[in-house]
Amino acid sequence: MRRIRVMGPRPELERALRVLQDLGSVHLASPPRMPALNPSPATRREQRLVRQLRTLVADAEMACALLSVPAATHLAPIPEPLPWSAWARQARRLRRSAEETRDRRQRLEEERALLAKYREMLDAFSALFEAGHIPASVRAYHIILRPGQSAVVEPLRQALTEALDSAFELRTRTLSSGETALLLLVPLERTARVERLLAESGVQEVPLPAGYERGTAAEALPRMRLRLEALPPLIDEVESERKARAATATSLLPPMLSAAQDALSRLEAGGLAASTRSAFVIEGWVPVPDLAALRAAVRERIGPAITVEELPPGTNPDAPVVLQNPRLFRPFQLLVEMMPLPTYGSIDPTPFVAVFFPVFFGLMLGDVGYGLVLLGMGILLHHRSRPETPLRAVGQIAVICSVFTILFGILFGELFGDLGRRLFGLHPLVLDREEPKDIVSFLVLCVGIGGVHVLLGLVLGVLNALHGHRKQALGRGLSAVMILLIVVALLASVRLLPGQLLTPAVIILLIAFPVLVVVEGIVAPVELLATLGNILSYARIMALGTASVMLAVVANRLAGAMGSVVVGAIFALLFHLVNFALGLFSPTVHALRLHYVEFFGRFYSPGGVRYRPFTHWRTH
Amino acid sequence: MQIFWITLSAALAIAIPALATAWAQSRIGPAAAASLAEKPELSTTVIVMLAIPETMSILGFVVAMFIMLRAGG
């Protein structure tokens, strides 16, 4: 990144910002602090324009959403001056009409749902209504009970029998929704008592829908049927209206929205400029390869009135950060970007994550069968996702991790636990994770890998600190050497290394220790112990790996213990499914933790500012 | 009788850290949920925070396994 300063006559600020926006490579920085340079506050006209543009954007976005109009990404430039006021009115009109269409459709849909429910209830008793069996001296109550409420019917019938003797008719039907429809017919003079009973039973009469209250259910039913038949064409009509509006809006809204967003960001960028009475200054960061193009564009489109000055490289505390890695490593940037970005100029850990993360994952899951399933899922995710999206990166990471899972599965001789051994005669090539003696070797391997990983972190810490903090670099280097010596001394004491190495290693350790305390302070011994603890933490790879294989073995054995082959197979499948889900989640979380806590803790310096170039508005 | 004590030791070696992990995660969980409600971008940090106390269980598991292995499986 290079810090640049763009300067020119004040009236040219707007044009300069347009050039920078078109190039889309400059990350604008805060106004420079220099004598005679003042921040450029927005004028009243600009403030009014900002308010107008924000309203326009809100209206256009809402109209786009309601009319299902996609906001285009690439649009031809529109000649200036842009008719903001007319556009704002147009966007407001479009939003209102879209909202009105949406509300109308909602009302029709709700009416249809309500009438359908009533019709079903009335249909259930239609024979009674249509045959004219209900005399004028009888009051009909329509009740709908929720699915769990049907138990109140019998107590209600008993209460009615006690109160009215046999002077009532209660009919029930179960509706398609699971609800129970009740029709209660009682003499008009007994309605007060009946309504009290209904209230005591906790059931309420469903009044007929608006517009149908006058008259009886028998009269309402044919009208409801007619209305229900008329509703779908009406809904279709509203939908056609929406489509027609959307067709008109497609040519209006996206350019409007895009131009308004661009103008807004230019106005906001103008606030970052500083100015004198006659000149403006704007500063920012540009990637080195884009610097020549910036100079050329400014010269060509504005002329010599604007100068682009490259500022001397300093410590660059506020330089923005962009992670750039080879294609193979790029998906793993997602895992690094989940943490705060590293500061500018410090080490980007993506390549190390790309190497170690799949290894840890493979060591933990290590099964050909699970690896193949994961590979399938990764390929599916890759094909279903769009390029440059987090989902695509997840798919790519899954594919890479699955390759390592299969590889370690072959080395451990595992295919859905011990199923591969039983069915295909698969044998472990390196370690048998079911064998007690090999479990210890697996633990040593994992802690050994942990030692390498943490030492690598310390070395990277030394390299990071060399740029500025020499003393810190010395301390970290010394810590790395001491960790190495402790490992050598331990291995020599258990005769895994020649015993002659023990005494020199201990002597050097005793000399290095006070030096470390002098360099790093009194916390150095604690840090050293924490580092040793971090190395031991890699034992989790063995623990999770062993747990995973044991669960798979248990699944296979339980399947064999079942009486029926089919039940056994289903049981094993379910158990393997659970184990696979655990096998995806736990290794991912723990491999991430090993990186974020144990590895990054040794060298990573978070706090970088994300590179956000000043560019045109885009939708994704 | 010896097998009983070995098995009990191994069980305690995993059970006590597991209880400690559960207690720690029960404290982290609500705090994490509250943080996520305000700052959803902290999800990674929260997952890592939740995974930190699991170290106790994992090391307990390793110790339990060693007890069992030393006793002859």
# chains A, B, ... in the order shown; residues from 1 in each chain; ligands from 1
>>> interface_residues(of="chain A", to="chain B", cutoff="12 Å", atoms="only C-alpha atoms", output="ChimeraX atom specification")
/A:334-340,434-440,442-444,447,533-547,585-598
>>> write_last_selection(atoms="N, CA and C atoms", output="short mmCIF file (atom, residue, chain, number, x, y, z; two decimals), in the first residue's frame")
data_model
loop_
_atom_site.label_atom_id
_atom_site.label_comp_id
_atom_site.auth_asym_id
_atom_site.auth_seq_id
_atom_site.Cartn_x
_atom_site.Cartn_y
_atom_site.Cartn_z
N LEU A 334 -10.92 -17.06 4.84
CA LEU A 334 -12.19 -16.97 5.57
C LEU A 334 -11.97 -17.24 7.05
N LEU A 335 -11.12 -18.23 7.37
CA LEU A 335 -10.87 -18.58 8.77
C LEU A 335 -10.05 -17.50 9.47
N VAL A 336 -9.14 -16.87 8.71
CA VAL A 336 -8.32 -15.80 9.31
C VAL A 336 -9.18 -14.55 9.49
N GLU A 337 -10.06 -14.29 8.50
CA GLU A 337 -10.88 -13.08 8.56
C GLU A 337 -11.96 -13.16 9.64
N MET A 338 -12.17 -14.35 10.21
CA MET A 338 -13.12 -14.44 11.31
C MET A 338 -12.54 -13.79 12.57
N MET A 339 -11.22 -13.63 12.58
CA MET A 339 -10.56 -12.90 13.67
C MET A 339 -10.38 -11.46 13.20
N PRO A 340 -10.09 -10.52 14.11
CA PRO A 340 -9.74 -9.17 13.64
C PRO A 340 -8.52 -9.27 12.71
N GLU A 434 -7.35 -48.06 17.63
CA GLU A 434 -8.12 -48.86 18.60
C GLU A 434 -7.19 -49.61 19.55
N GLU A 435 -5.91 -49.69 19.20
CA GLU A 435 -4.94 -50.43 20.01
C GLU A 435 -4.37 -49.55 21.11
N PRO A 436 -4.39 -50.01 22.39
CA PRO A 436 -3.88 -49.17 23.49
C PRO A 436 -2.45 -48.69 23.26
N LYS A 437 -1.56 -49.57 22.76
CA LYS A 437 -0.16 -49.13 22.61
C LYS A 437 -0.04 -48.03 21.54
N ASP A 438 -0.88 -48.13 20.52
CA ASP A 438 -0.82 -47.12 19.46
C ASP A 438 -1.46 -45.80 19.89
N ILE A 439 -2.36 -45.89 20.88
CA ILE A 439 -2.99 -44.65 21.37
C ILE A 439 -1.92 -43.74 21.97
N VAL A 440 -0.98 -44.36 22.71
CA VAL A 440 0.11 -43.57 23.30
C VAL A 440 0.97 -42.97 22.19
N PHE A 442 0.00 -42.24 19.23
CA PHE A 442 -0.82 -41.19 18.61
C PHE A 442 -0.74 -39.91 19.44
N LEU A 443 -0.77 -40.08 20.77
CA LEU A 443 -0.68 -38.92 21.66
C LEU A 443 0.67 -38.22 21.48
N VAL A 444 1.73 -39.03 21.42
CA VAL A 444 3.08 -38.45 21.25
C VAL A 444 3.15 -37.71 19.92
N VAL A 447 1.17 -34.36 20.25
CA VAL A 447 1.89 -33.35 21.05
C VAL A 447 3.14 -32.90 20.28
N GLY A 533 2.06 -25.49 28.25
CA GLY A 533 0.65 -25.90 28.37
C GLY A 533 -0.03 -25.90 27.02
N ASN A 534 0.31 -24.90 26.20
CA ASN A 534 -0.27 -24.83 24.85
C ASN A 534 0.11 -26.05 24.02
N ILE A 535 1.36 -26.48 24.18
CA ILE A 535 1.81 -27.66 23.41
C ILE A 535 1.03 -28.89 23.86
N LEU A 536 0.86 -29.02 25.18
CA LEU A 536 0.09 -30.17 25.70
C LEU A 536 -1.36 -30.14 25.23
N SER A 537 -1.85 -28.93 24.95
CA SER A 537 -3.24 -28.78 24.52
C SER A 537 -3.52 -29.53 23.21
N TYR A 538 -2.46 -29.80 22.46
CA TYR A 538 -2.64 -30.52 21.18
C TYR A 538 -3.02 -31.98 21.41
N ALA A 539 -2.98 -32.40 22.69
CA ALA A 539 -3.45 -33.76 23.02
C ALA A 539 -4.91 -33.93 22.64
N ARG A 540 -5.62 -32.79 22.47
CA ARG A 540 -7.03 -32.86 22.09
C ARG A 540 -7.20 -33.55 20.73
N ILE A 541 -6.19 -33.44 19.89
CA ILE A 541 -6.29 -34.09 18.56
C ILE A 541 -6.44 -35.60 18.77
N MET A 542 -5.59 -36.13 19.69
CA MET A 542 -5.67 -37.57 19.98
C MET A 542 -7.01 -37.91 20.65
N ALA A 543 -7.40 -37.06 21.63
CA ALA A 543 -8.62 -37.36 22.38
C ALA A 543 -9.84 -37.38 21.46
N LEU A 544 -9.96 -36.37 20.61
CA LEU A 544 -11.12 -36.31 19.72
C LEU A 544 -11.06 -37.42 18.67
N GLY A 545 -9.85 -37.70 18.19
CA GLY A 545 -9.68 -38.77 17.19
C GLY A 545 -10.08 -40.11 17.77
N THR A 546 -9.62 -40.39 18.99
CA THR A 546 -9.94 -41.66 19.63
C THR A 546 -11.45 -41.75 19.90
N ALA A 547 -12.02 -40.65 20.39
CA ALA A 547 -13.46 -40.65 20.66
C ALA A 547 -14.24 -40.92 19.38
N PHE A 585 -18.27 -31.06 13.50
CA PHE A 585 -18.30 -29.89 14.37
C PHE A 585 -17.06 -29.82 15.28
N SER A 586 -16.83 -30.91 16.03
CA SER A 586 -15.74 -30.86 17.02
C SER A 586 -14.37 -30.61 16.39
N PRO A 587 -13.96 -31.37 15.37
CA PRO A 587 -12.64 -31.08 14.79
C PRO A 587 -12.53 -29.66 14.24
N THR A 588 -13.63 -29.14 13.67
CA THR A 588 -13.55 -27.77 13.14
C THR A 588 -13.31 -26.79 14.28
N VAL A 589 -14.12 -26.90 15.33
CA VAL A 589 -14.01 -25.95 16.44
C VAL A 589 -12.63 -26.07 17.10
N HIS A 590 -12.19 -27.32 17.32
CA HIS A 590 -10.93 -27.49 18.04
C HIS A 590 -9.71 -27.16 17.17
N ALA A 591 -9.80 -27.45 15.88
CA ALA A 591 -8.69 -27.05 15.00
C ALA A 591 -8.62 -25.53 14.94
N LEU A 592 -9.78 -24.87 14.93
CA LEU A 592 -9.79 -23.40 14.93
C LEU A 592 -9.19 -22.88 16.23
N ARG A 593 -9.61 -23.49 17.33
CA ARG A 593 -9.12 -23.05 18.64
C ARG A 593 -7.60 -23.21 18.72
N LEU A 594 -7.08 -24.35 18.22
CA LEU A 594 -5.63 -24.56 18.26
C LEU A 594 -4.91 -23.47 17.47
N HIS A 595 -5.55 -23.01 16.41
CA HIS A 595 -4.92 -21.94 15.63
C HIS A 595 -5.05 -20.59 16.33
N TYR A 596 -6.30 -20.26 16.72
CA TYR A 596 -6.53 -18.92 17.27
C TYR A 596 -5.84 -18.71 18.62
N VAL A 597 -5.85 -19.74 19.47
CA VAL A 597 -5.30 -19.56 20.82
C VAL A 597 -3.83 -19.96 20.87
N GLU A 598 -3.54 -21.20 20.48
CA GLU A 598 -2.18 -21.71 20.66
C GLU A 598 -1.18 -21.13 19.64
#
>>> select_by_dssp(residues="segment 25-236 of chain A", states="helix (DSSP H, G or I)", output="number ranges by chain")
A: 44-67, 84-124, 126-130, 147-164, 188-201, 217-236
>>> atom_distance(atom1="atom CA of Gly202 of chain A", atom2="atom CA of Leu156 of chain A")
9.8 Å
>>> atom_distance(atom1="atom CA of Leu458 of chain A", atom2="atom CA of Leu502 of chain A")
23.2 Å
>>> closest_residue(among="A:Asp290, A:Glu111, A:Glu195, A:Glu46", to="Gly24 of chain A", atoms="only C-alpha atoms")
A:Asp290
>>> atom_distance(atom1="atom CA of Val321 of chain A", atom2="atom CA of Leu381 of chain A")
28.7 Å
>>> residues_around(residues="Ala293 of chain A", least_positions_apart="3", cutoff="12 Å", atoms="only C-alpha atoms", output="mmCIF file with N, CA and C atoms, in the first residue's frame")
data_model
loop_
_atom_site.group_PDB
_atom_site.id
_atom_site.type_symbol
_atom_site.label_atom_id
_atom_site.label_comp_id
_atom_site.auth_asym_id
_atom_site.auth_seq_id
_atom_site.Cartn_x
_atom_site.Cartn_y
_atom_site.Cartn_z
ATOM 1 N N VAL A 19 -13.312 10.679 -10.389
ATOM 2 C CA VAL A 19 -12.236 9.876 -10.985
ATOM 3 C C VAL A 19 -11.832 8.760 -10.018
ATOM 4 N N LEU A 20 -11.669 9.119 -8.726
ATOM 5 C CA LEU A 20 -11.278 8.117 -7.722
ATOM 6 C C LEU A 20 -12.348 7.033 -7.611
ATOM 7 N N ASP A 22 -14.484 6.100 -9.946
ATOM 8 C CA ASP A 22 -14.473 5.254 -11.148
ATOM 9 C C ASP A 22 -13.332 4.240 -11.096
ATOM 10 N N LEU A 23 -12.176 4.689 -10.561
ATOM 11 C CA LEU A 23 -11.021 3.770 -10.484
ATOM 12 C C LEU A 23 -11.265 2.676 -9.438
ATOM 13 N N GLY A 24 -11.858 3.064 -8.340
ATOM 14 C CA GLY A 24 -12.220 2.083 -7.295
ATOM 15 C C GLY A 24 -11.049 1.398 -6.635
ATOM 16 N N SER A 25 -9.928 2.119 -6.474
ATOM 17 C CA SER A 25 -8.780 1.473 -5.831
ATOM 18 C C SER A 25 -8.253 2.240 -4.626
ATOM 19 N N VAL A 26 -8.813 3.419 -4.350
ATOM 20 C CA VAL A 26 -8.264 4.247 -3.263
ATOM 21 C C VAL A 26 -9.098 4.069 -1.989
ATOM 22 N N VAL A 286 -3.469 3.415 -1.612
ATOM 23 C CA VAL A 286 -3.719 2.731 -2.880
ATOM 24 C C VAL A 286 -2.722 1.575 -3.021
ATOM 25 N N PRO A 287 -3.160 0.414 -3.516
ATOM 26 C CA PRO A 287 -2.193 -0.668 -3.734
ATOM 27 C C PRO A 287 -1.145 -0.239 -4.766
ATOM 28 N N VAL A 288 0.097 -0.610 -4.550
ATOM 29 C CA VAL A 288 1.204 -0.167 -5.409
ATOM 30 C C VAL A 288 0.911 -0.413 -6.898
ATOM 31 N N PRO A 289 0.378 -1.591 -7.308
ATOM 32 C CA PRO A 289 0.160 -1.806 -8.742
ATOM 33 C C PRO A 289 -0.866 -0.850 -9.359
ATOM 34 N N ASP A 290 -1.724 -0.242 -8.525
ATOM 35 C CA ASP A 290 -2.777 0.637 -9.069
ATOM 36 C C ASP A 290 -2.366 2.101 -9.116
ATOM 37 N N ALA A 296 -2.407 8.248 -14.212
ATOM 38 C CA ALA A 296 -2.772 8.400 -15.624
ATOM 39 C C ALA A 296 -4.224 8.872 -15.754
ATOM 40 N N ALA A 297 -5.120 8.288 -14.964
ATOM 41 C CA ALA A 297 -6.543 8.646 -15.068
ATOM 42 C C ALA A 297 -6.763 10.097 -14.664
ATOM 43 N N VAL A 298 -6.090 10.540 -13.599
ATOM 44 C CA VAL A 298 -6.251 11.923 -13.145
ATOM 45 C C VAL A 298 -5.728 12.883 -14.222
ATOM 46 N N ARG A 299 -4.559 12.542 -14.799
ATOM 47 C CA ARG A 299 -3.955 13.402 -15.829
ATOM 48 C C ARG A 299 -4.875 13.482 -17.049
ATOM 49 N N GLU A 300 -5.393 12.334 -17.430
ATOM 50 C CA GLU A 300 -6.193 12.265 -18.657
ATOM 51 C C GLU A 300 -7.556 12.936 -18.488
ATOM 52 N N ARG A 301 -8.205 12.716 -17.348
ATOM 53 C CA ARG A 301 -9.592 13.188 -17.207
ATOM 54 C C ARG A 301 -9.702 14.588 -16.624
ATOM 55 N N VAL A 308 -1.167 14.105 -7.890
ATOM 56 C CA VAL A 308 -1.211 12.922 -7.023
ATOM 57 C C VAL A 308 0.194 12.741 -6.475
#
>>> select_by_dssp(residues="segment 68-269 of chain A", states="strand (DSSP E or B)", output="mmCIF file with N, CA and C atoms, in the first residue's frame")
data_model
loop_
_atom_site.group_PDB
_atom_site.id
_atom_site.type_symbol
_atom_site.label_atom_id
_atom_site.label_comp_id
_atom_site.auth_asym_id
_atom_site.auth_seq_id
_atom_site.Cartn_x
_atom_site.Cartn_y
_atom_site.Cartn_z
ATOM 1 N N VAL A 138 -85.489 -20.642 15.800
ATOM 2 C CA VAL A 138 -84.272 -21.299 16.319
ATOM 3 C C VAL A 138 -83.053 -20.432 16.021
ATOM 4 N N ARG A 139 -82.173 -20.383 17.019
ATOM 5 C CA ARG A 139 -80.919 -19.613 16.851
ATOM 6 C C ARG A 139 -79.784 -20.608 16.598
ATOM 7 N N ALA A 140 -78.973 -20.336 15.553
ATOM 8 C CA ALA A 140 -77.849 -21.241 15.223
ATOM 9 C C ALA A 140 -76.536 -20.615 15.693
ATOM 10 N N TYR A 141 -75.739 -21.392 16.416
ATOM 11 C CA TYR A 141 -74.404 -20.951 16.857
ATOM 12 C C TYR A 141 -73.349 -21.729 16.068
ATOM 13 N N HIS A 142 -72.375 -20.994 15.497
ATOM 14 C CA HIS A 142 -71.274 -21.645 14.757
ATOM 15 C C HIS A 142 -70.014 -21.538 15.602
ATOM 16 N N ILE A 143 -69.450 -22.679 15.879
ATOM 17 C CA ILE A 143 -68.280 -22.695 16.780
ATOM 18 C C ILE A 143 -67.171 -23.516 16.123
ATOM 19 N N ILE A 144 -65.937 -23.031 16.234
ATOM 20 C CA ILE A 144 -64.791 -23.831 15.755
ATOM 21 C C ILE A 144 -63.864 -24.074 16.942
ATOM 22 N N LEU A 145 -63.563 -25.357 17.176
ATOM 23 C CA LEU A 145 -62.669 -25.712 18.283
ATOM 24 C C LEU A 145 -61.292 -26.048 17.739
ATOM 25 N N GLU A 169 -79.978 -28.956 19.472
ATOM 26 C CA GLU A 169 -79.359 -29.882 18.506
ATOM 27 C C GLU A 169 -77.869 -29.510 18.452
ATOM 28 N N LEU A 170 -76.987 -30.434 18.707
ATOM 29 C CA LEU A 170 -75.539 -30.152 18.659
ATOM 30 C C LEU A 170 -74.891 -31.128 17.689
ATOM 31 N N ARG A 171 -74.331 -30.579 16.606
ATOM 32 C CA ARG A 171 -73.673 -31.447 15.615
ATOM 33 C C ARG A 171 -72.194 -31.064 15.511
ATOM 34 N N THR A 172 -71.363 -32.078 15.304
ATOM 35 C CA THR A 172 -69.910 -31.809 15.203
ATOM 36 C C THR A 172 -69.358 -32.427 13.917
ATOM 37 N N ARG A 173 -68.367 -31.794 13.357
ATOM 38 C CA ARG A 173 -67.636 -32.325 12.190
ATOM 39 C C ARG A 173 -66.154 -31.968 12.359
ATOM 40 N N THR A 174 -65.265 -32.888 11.973
ATOM 41 C CA THR A 174 -63.827 -32.574 12.013
ATOM 42 C C THR A 174 -63.428 -31.968 10.670
ATOM 43 N N THR A 180 -62.389 -28.727 15.012
ATOM 44 C CA THR A 180 -63.720 -29.338 15.070
ATOM 45 C C THR A 180 -64.766 -28.242 14.919
ATOM 46 N N ALA A 181 -65.681 -28.453 13.948
ATOM 47 C CA ALA A 181 -66.760 -27.479 13.749
ATOM 48 C C ALA A 181 -67.977 -27.943 14.537
ATOM 49 N N LEU A 182 -68.601 -26.995 15.238
ATOM 50 C CA LEU A 182 -69.792 -27.304 16.033
ATOM 51 C C LEU A 182 -70.951 -26.458 15.519
ATOM 52 N N LEU A 183 -72.105 -27.066 15.366
ATOM 53 C CA LEU A 183 -73.314 -26.309 15.045
ATOM 54 C C LEU A 183 -74.301 -26.583 16.175
ATOM 55 N N LEU A 184 -74.697 -25.512 16.824
ATOM 56 C CA LEU A 184 -75.603 -25.657 17.969
ATOM 57 C C LEU A 184 -76.904 -24.912 17.653
ATOM 58 N N LEU A 185 -78.020 -25.642 17.693
ATOM 59 C CA LEU A 185 -79.324 -25.034 17.415
ATOM 60 C C LEU A 185 -80.135 -25.037 18.710
ATOM 61 N N VAL A 186 -80.602 -23.842 19.086
ATOM 62 C CA VAL A 186 -81.389 -23.745 20.331
ATOM 63 C C VAL A 186 -82.584 -22.815 20.096
ATOM 64 N N PRO A 187 -83.661 -22.976 20.891
ATOM 65 C CA PRO A 187 -84.803 -22.064 20.736
ATOM 66 C C PRO A 187 -84.386 -20.638 21.083
ATOM 67 N N GLU A 205 -68.530 -18.356 20.108
ATOM 68 C CA GLU A 205 -69.146 -18.454 18.787
ATOM 69 C C GLU A 205 -68.284 -17.697 17.782
#
>>> decode(residues="segment 35-95 of chain A", atoms="C-alpha atoms", output="PDB file, in the first residue's frame")
ATOM      1  CA  PRO A  35      -1.858  24.259   9.521  1.00  0.00           C
ATOM      2  CA  ALA A  36      -4.130  26.293   7.212  1.00  0.00           C
ATOM      3  CA  LEU A  37      -6.057  23.177   6.231  1.00  0.00           C
ATOM      4  CA  ASN A  38      -9.578  22.957   7.550  1.00  0.00           C
ATOM      5  CA  PRO A  39     -12.093  20.132   7.362  1.00  0.00           C
ATOM      6  CA  SER A  40     -14.658  20.595   4.606  1.00  0.00           C
ATOM      7  CA  PRO A  41     -18.043  20.747   6.318  1.00  0.00           C
ATOM      8  CA  ALA A  42     -21.037  20.061   4.104  1.00  0.00           C
ATOM      9  CA  THR A  43     -22.860  23.151   2.843  1.00  0.00           C
ATOM     10  CA  ARG A  44     -26.577  23.576   3.512  1.00  0.00           C
ATOM     11  CA  ARG A  45     -27.292  22.593  -0.073  1.00  0.00           C
ATOM     12  CA  GLU A  46     -25.227  19.432   0.330  1.00  0.00           C
ATOM     13  CA  GLN A  47     -26.939  18.595   3.623  1.00  0.00           C
ATOM     14  CA  ARG A  48     -30.327  18.976   1.951  1.00  0.00           C
ATOM     15  CA  LEU A  49     -29.178  16.809  -0.939  1.00  0.00           C
ATOM     16  CA  VAL A  50     -27.957  14.094   1.469  1.00  0.00           C
ATOM     17  CA  ARG A  51     -31.382  14.008   3.146  1.00  0.00           C
ATOM     18  CA  GLN A  52     -33.127  13.887  -0.216  1.00  0.00           C
ATOM     19  CA  LEU A  53     -30.851  11.093  -1.458  1.00  0.00           C
ATOM     20  CA  ARG A  54     -31.331   9.014   1.691  1.00  0.00           C
ATOM     21  CA  THR A  55     -35.119   9.224   1.328  1.00  0.00           C
ATOM     22  CA  LEU A  56     -34.804   8.382  -2.355  1.00  0.00           C
ATOM     23  CA  VAL A  57     -32.640   5.351  -1.586  1.00  0.00           C
ATOM     24  CA  ALA A  58     -35.056   4.121   1.104  1.00  0.00           C
ATOM     25  CA  ASP A  59     -38.053   4.522  -1.247  1.00  0.00           C
ATOM     26  CA  ALA A  60     -36.284   2.884  -4.192  1.00  0.00           C
ATOM     27  CA  GLU A  61     -35.034  -0.048  -2.097  1.00  0.00           C
ATOM     28  CA  MET A  62     -38.485  -0.670  -0.642  1.00  0.00           C
ATOM     29  CA  ALA A  63     -40.097  -0.446  -4.092  1.00  0.00           C
ATOM     30  CA  CYS A  64     -37.470  -2.855  -5.503  1.00  0.00           C
ATOM     31  CA  ALA A  65     -38.155  -5.327  -2.695  1.00  0.00           C
ATOM     32  CA  LEU A  66     -41.952  -5.121  -3.035  1.00  0.00           C
ATOM     33  CA  LEU A  67     -41.932  -5.363  -6.818  1.00  0.00           C
ATOM     34  CA  SER A  68     -39.151  -8.020  -6.892  1.00  0.00           C
ATOM     35  CA  VAL A  69     -37.014  -5.804  -9.107  1.00  0.00           C
ATOM     36  CA  PRO A  70     -33.338  -6.823  -8.982  1.00  0.00           C
ATOM     37  CA  ALA A  71     -30.945  -3.931  -8.460  1.00  0.00           C
ATOM     38  CA  ALA A  72     -28.539  -4.166 -11.415  1.00  0.00           C
ATOM     39  CA  THR A  73     -24.805  -4.241 -10.801  1.00  0.00           C
ATOM     40  CA  HIS A  74     -23.483  -2.826 -14.072  1.00  0.00           C
ATOM     41  CA  LEU A  75     -25.235   0.230 -15.425  1.00  0.00           C
ATOM     42  CA  ALA A  76     -24.392   2.683 -18.162  1.00  0.00           C
ATOM     43  CA  PRO A  77     -23.461   6.161 -16.881  1.00  0.00           C
ATOM     44  CA  ILE A  78     -26.316   8.673 -16.879  1.00  0.00           C
ATOM     45  CA  PRO A  79     -25.625  12.155 -18.238  1.00  0.00           C
ATOM     46  CA  GLU A  80     -25.481  14.990 -15.704  1.00  0.00           C
ATOM     47  CA  PRO A  81     -27.231  16.876 -14.164  1.00  0.00           C
ATOM     48  CA  LEU A  82     -29.291  14.180 -12.538  1.00  0.00           C
ATOM     49  CA  PRO A  83     -32.931  15.024 -11.834  1.00  0.00           C
ATOM     50  CA  TRP A  84     -32.838  14.204  -8.113  1.00  0.00           C
ATOM     51  CA  SER A  85     -36.114  15.931  -7.215  1.00  0.00           C
ATOM     52  CA  ALA A  86     -38.034  14.266 -10.053  1.00  0.00           C
ATOM     53  CA  TRP A  87     -36.442  10.909  -9.183  1.00  0.00           C
ATOM     54  CA  ALA A  88     -37.313  11.305  -5.519  1.00  0.00           C
ATOM     55  CA  ARG A  89     -40.958  11.958  -6.446  1.00  0.00           C
ATOM     56  CA  GLN A  90     -40.945   9.014  -8.853  1.00  0.00           C
ATOM     57  CA  ALA A  91     -39.417   6.676  -6.241  1.00  0.00           C
ATOM     58  CA  ARG A  92     -41.977   7.798  -3.657  1.00  0.00           C
ATOM     59  CA  ARG A  93     -44.835   7.202  -6.110  1.00  0.00           C
ATOM     60  CA  LEU A  94     -43.476   3.769  -7.025  1.00  0.00           C
ATOM     61  CA  ARG A  95     -43.091   2.820  -3.372  1.00  0.00           C
TER      62      ARG A  95
END
